Amino acid sequence: MSKEKLILGTRGSDLALTQTRMVEAILKAAHPALECETKIISTIGDERQDLKLTEFAKEQIVDKGIFTKELEVALAAGEVDVAVHSLKDVPTQLDVEFKLEAVLPREDTRDALLTKSACTTLAELPKSANLATSSVRRHAQLQWLRADLQIEEIRGNVPTRIGKLLQNPSLDGLLLALAGLRRLGYISEGETEFGYEGQTIYVSPLAPPDFLPACGQGAIALETRAADAGTDAILALINDADTYVRIDAERMILDRLQAGCHTPVGVNTWLNGEEMSIHLRVFDENDLTATPKEARVSGSRSDVVALVDQVMDSLE
C-alpha cells in the first residue's frame, strides 16, 4: 500500500454519510493502518431543492451529474482521493480523467412503496391514489401498471420525503429505494413497517419482474482519478467483483441507449454461478403511457459486451 491516508468526498445527507462510514469501515478492515478523513461537499442537486430533477436542463443547469459534479471538481483538484456515490446518481459517461475503481457489495435493488395505511401491493391502493416520486422511471412504471394513479414530484433526502408523506393528507404513498431505508436503519430484512414521529409507515417492496430498478440501484461506487495508482491499489482489496460485473453491464446498456440517470429505463441483473441474466425495460420518455420495449437474456458473465449486444438486439 503506497498511501497512508485517504480523503473521502461525500454529499452531506444522512444516507451519503452513512454510506461513507460503510466505505471507511471496509477500508479499515482491509488496511488497518490506513487513516481515513471525510470531506463533505455540497452539490448543485442538493442546493437547488426548488427545482424538479427534470428542470435542471431547462434552467441551463446540466442534467448529468447534478449530484456528482462538485465531487469530481474536488477529485480533480486533489482535495479528495475518492468520491463516494450512490451509483444510480453517477452519469453513464465519465470524463477521461476519472474512473469507477470499486463498488461495495450490493444491497437489495428493489424499490419500495411507503404508505400511511397497511398496503401490500400496488393493486391494493385506492383508485386514483396519489403517489410521490422524483424518478421518471418509477413514474413510468407506476402508470404502466396502474394508469389511474396520480403521480407528483417530490424532492429532499429520505427523512424529508417521509416527513412530507406524513404531513400531506392528500398523499397516499411515496416511492423510495429499499437499500436506502435499510442503510439508514428504518427497516431490516423481512420487516414491513417502522415508526416515524409517532406514526407507523408501511413498506411494500416492488419486485422484479413487475417493477424493475434503476441502473446501479443499491450499489455504492468509489470514483477516483484515472491516474491515481496509489488509491487504486488500496481500493482493489475492497472491490466486490459480483457487483462490479453487474453494474458494468447495466451502465453499458445505458450507454448504448444514450440514456442518462433520469431516463425511464429499468434494468434487473442477477448472477447464477458463471451465468448472468438481464431483464431490460425501456419507456418512451416522450410518452410514458406507451407500452415499453423489453428484453430478457442470459449468458456468460465473462463476456459482458456480448451479453449486452444480445439484450440490445432482443429489445422489442
# chains A, B, ... in the order shown; residues from 1 in each chain; ligands from 1

$ select_by_dssp --residues "segment 202-262 of chain A" --states "strand (DSSP E)" --output "list in words"
Tyr202, Val203, Ser204, Pro205, Leu206, Ile220, Ala221, Leu222, Glu223, Thr224 and Arg225 of chain A

$ closest_atom_pairs --of "segment 77-101 of chain A" --to "segment 173-188 of chain A" --cutoff "12 Å" --atoms "only C-alpha atoms" --output "tab-separated table"
residue	atom	partner	partner_atom	distance
A:Ser86	CA	A:Gly180	CA	9.6
A:Leu87	CA	A:Ala179	CA	11.9
A:Lys88	CA	A:Ala177	CA	10.6

$ residues_around --residues "segment 199-214 of chain A" --least-positions-apart "6" --cutoff "6 Å" --atoms "only C-alpha atoms" --output "NGL selection string"
:A and (110-116 or 118 or 120 or 192-193 or 266-268)

$ residues_around --residues "Arg281 of chain A" --least-positions-apart "6" --cutoff "6 Å" --atoms "only C-alpha atoms" --output "number ranges by chain"
A: 265-266, 293-294

$ residues_around --residues "Ala76 of chain A" --least-positions-apart "4" --cutoff "10 Å" --atoms "only C-alpha atoms" --output "PyMOL selection string"
chain A and resi 70-72+80-81+97-98+224-226

$ write_last_selection --atoms "N, CA and C atoms" --output "PDB file, in the first residue's frame"
ATOM      1  N   GLU A  70     -19.666  18.421  -8.378  1.00  0.00           N
ATOM      2  CA  GLU A  70     -18.802  19.115  -7.422  1.00  0.00           C
ATOM      3  C   GLU A  70     -17.819  18.149  -6.749  1.00  0.00           C
ATOM      4  N   LEU A  71     -18.217  16.911  -6.587  1.00  0.00           N
ATOM      5  CA  LEU A  71     -17.295  15.911  -6.050  1.00  0.00           C
ATOM      6  C   LEU A  71     -16.164  15.642  -7.037  1.00  0.00           C
ATOM      7  N   GLU A  72     -16.486  15.636  -8.325  1.00  0.00           N
ATOM      8  CA  GLU A  72     -15.445  15.442  -9.328  1.00  0.00           C
ATOM      9  C   GLU A  72     -14.503  16.636  -9.395  1.00  0.00           C
ATOM     10  N   VAL A  80      -9.834  15.641  -2.584  1.00  0.00           N
ATOM     11  CA  VAL A  80     -10.243  14.330  -2.076  1.00  0.00           C
ATOM     12  C   VAL A  80      -9.588  13.276  -2.952  1.00  0.00           C
ATOM     13  N   ASP A  81      -9.453  12.064  -2.403  1.00  0.00           N
ATOM     14  CA  ASP A  81      -8.868  10.953  -3.151  1.00  0.00           C
ATOM     15  C   ASP A  81      -9.928  10.042  -3.751  1.00  0.00           C
ATOM     16  N   GLU A  97     -10.570  11.711 -17.172  1.00  0.00           N
ATOM     17  CA  GLU A  97      -9.683  11.834 -16.001  1.00  0.00           C
ATOM     18  C   GLU A  97     -10.204  11.104 -14.775  1.00  0.00           C
ATOM     19  N   PHE A  98     -11.402  10.499 -14.887  1.00  0.00           N
ATOM     20  CA  PHE A  98     -11.987   9.788 -13.757  1.00  0.00           C
ATOM     21  C   PHE A  98     -12.336   8.353 -14.129  1.00  0.00           C
ATOM     22  N   THR A 224     -12.414   7.562  -8.621  1.00  0.00           N
ATOM     23  CA  THR A 224     -11.060   8.051  -8.379  1.00  0.00           C
ATOM     24  C   THR A 224     -10.533   8.781  -9.613  1.00  0.00           C
ATOM     25  N   ARG A 225      -9.380   9.423  -9.450  1.00  0.00           N
ATOM     26  CA  ARG A 225      -8.673   9.979 -10.602  1.00  0.00           C
ATOM     27  C   ARG A 225      -8.077   8.823 -11.411  1.00  0.00           C
ATOM     28  N   ALA A 226      -8.191   8.897 -12.712  1.00  0.00           N
ATOM     29  CA  ALA A 226      -7.744   7.790 -13.571  1.00  0.00           C
ATOM     30  C   ALA A 226      -6.260   7.477 -13.399  1.00  0.00           C
TER      31      ALA A 226
END

$ closest_residue --among "A:Val305, A:Leu235, A:Ala249, A:Tyr244" --to "His31 of chain A" --atoms "only C-alpha atoms"
A:Leu235

$ atom_distance --atom1 "atom CA of Trp270 of chain A" --atom2 "atom CA of Ala221 of chain A"
18.1 Å

$ residues_around --residues "Thr68 of chain A" --least-positions-apart "3" --cutoff "10 Å" --atoms "only C-alpha atoms" --output "MDAnalysis selection string"
chainID A and resid 10:11 41:45 64:65 71:73 83:86 89:91 223

$ residues_around --residues "Val282 of chain A" --least-positions-apart "3" --cutoff "10 Å" --atoms "only C-alpha atoms" --output "number ranges by chain"
A: 137, 140-141, 257, 259, 263-267, 285, 291-295, 315-316

$ write_last_selection --atoms "C-alpha atoms" --output "PDB file, in the first residue's frame"
ATOM      1  CA  ARG A 137     -38.530   5.587 -14.252  1.00  0.00           C
ATOM      2  CA  ALA A 140     -43.437   5.454 -15.905  1.00  0.00           C
ATOM      3  CA  GLN A 141     -43.688   2.020 -14.301  1.00  0.00           C
ATOM      4  CA  LEU A 257     -29.334   3.619 -25.209  1.00  0.00           C
ATOM      5  CA  ALA A 259     -29.654   7.284 -21.631  1.00  0.00           C
ATOM      6  CA  THR A 263     -34.169   8.372 -18.382  1.00  0.00           C
ATOM      7  CA  PRO A 264     -37.102   5.955 -17.830  1.00  0.00           C
ATOM      8  CA  VAL A 265     -35.135   2.704 -18.070  1.00  0.00           C
ATOM      9  CA  GLY A 266     -35.475  -0.226 -15.680  1.00  0.00           C
ATOM     10  CA  VAL A 267     -32.862  -2.992 -15.627  1.00  0.00           C
ATOM     11  CA  GLU A 285     -39.634   9.437 -22.430  1.00  0.00           C
ATOM     12  CA  THR A 291     -46.036   0.244 -23.998  1.00  0.00           C
ATOM     13  CA  PRO A 292     -42.356  -0.147 -23.070  1.00  0.00           C
ATOM     14  CA  LYS A 293     -39.841  -2.213 -25.004  1.00  0.00           C
ATOM     15  CA  GLU A 294     -38.442  -5.233 -23.169  1.00  0.00           C
ATOM     16  CA  ALA A 295     -35.736  -7.888 -23.451  1.00  0.00           C
ATOM     17  CA  LEU A 315     -35.145  -5.307 -27.298  1.00  0.00           C
ATOM     18  CA  GLU A 316     -38.676  -5.071 -28.704  1.00  0.00           C
TER      19      GLU A 316
END

$ closest_residue --among "A:Ala29, A:Leu166, A:Val297, A:Leu34" --to "Thr269 of chain A" --atoms "only C-alpha atoms"
A:Val297

$ select_by_dssp --residues "segment 72-130 of chain A" --states "alpha helix (DSSP H)" --output "PDB file with C-alpha atoms, in the first residue's frame"
ATOM      1  CA  GLU A  72     -15.445  15.442  -9.328  1.00  0.00           C
ATOM      2  CA  VAL A  73     -14.168  19.021  -9.147  1.00  0.00           C
ATOM      3  CA  ALA A  74     -12.722  18.198  -5.720  1.00  0.00           C
ATOM      4  CA  LEU A  75     -11.224  14.978  -7.099  1.00  0.00           C
ATOM      5  CA  ALA A  76      -9.561  16.777  -9.990  1.00  0.00           C
TER       6      ALA A  76
END

$ atom_distance --atom1 "atom CA of Asp242 of chain A" --atom2 "atom CA of Glu101 of chain A"
14.0 Å

$ closest_atom_pairs --of "segment 59-129 of chain A" --to "segment 148-153 of chain A" --cutoff "12 Å" --atoms "only C-alpha atoms" --output "tab-separated table"
residue	atom	partner	partner_atom	distance
A:Leu122	CA	A:Leu149	CA	9.7
A:Ala123	CA	A:Leu149	CA	10.5
A:Glu124	CA	A:Leu149	CA	11.8
A:Leu125	CA	A:Leu149	CA	8.8
A:Pro126	CA	A:Leu149	CA	8.8
A:Lys127	CA	A:Asp148	CA	6.5
A:Ser128	CA	A:Leu149	CA	4.6
A:Ala129	CA	A:Leu149	CA	5.2

$ write_last_selection --atoms "C-alpha atoms" --output "mmCIF file, in the first residue's frame"
data_model
loop_
_atom_site.group_PDB
_atom_site.id
_atom_site.type_symbol
_atom_site.label_atom_id
_atom_site.label_comp_id
_atom_site.auth_asym_id
_atom_site.auth_seq_id
_atom_site.Cartn_x
_atom_site.Cartn_y
_atom_site.Cartn_z
ATOM 1 C CA LEU A 122 -49.836 -1.533 -5.788
ATOM 2 C CA ALA A 123 -53.095 -3.263 -6.667
ATOM 3 C CA GLU A 124 -54.439 -2.577 -3.166
ATOM 4 C CA LEU A 125 -54.094 1.184 -3.477
ATOM 5 C CA PRO A 126 -57.431 3.006 -3.860
ATOM 6 C CA LYS A 127 -58.476 4.214 -7.303
ATOM 7 C CA SER A 128 -56.679 7.421 -8.349
ATOM 8 C CA ALA A 129 -54.350 7.208 -5.352
#
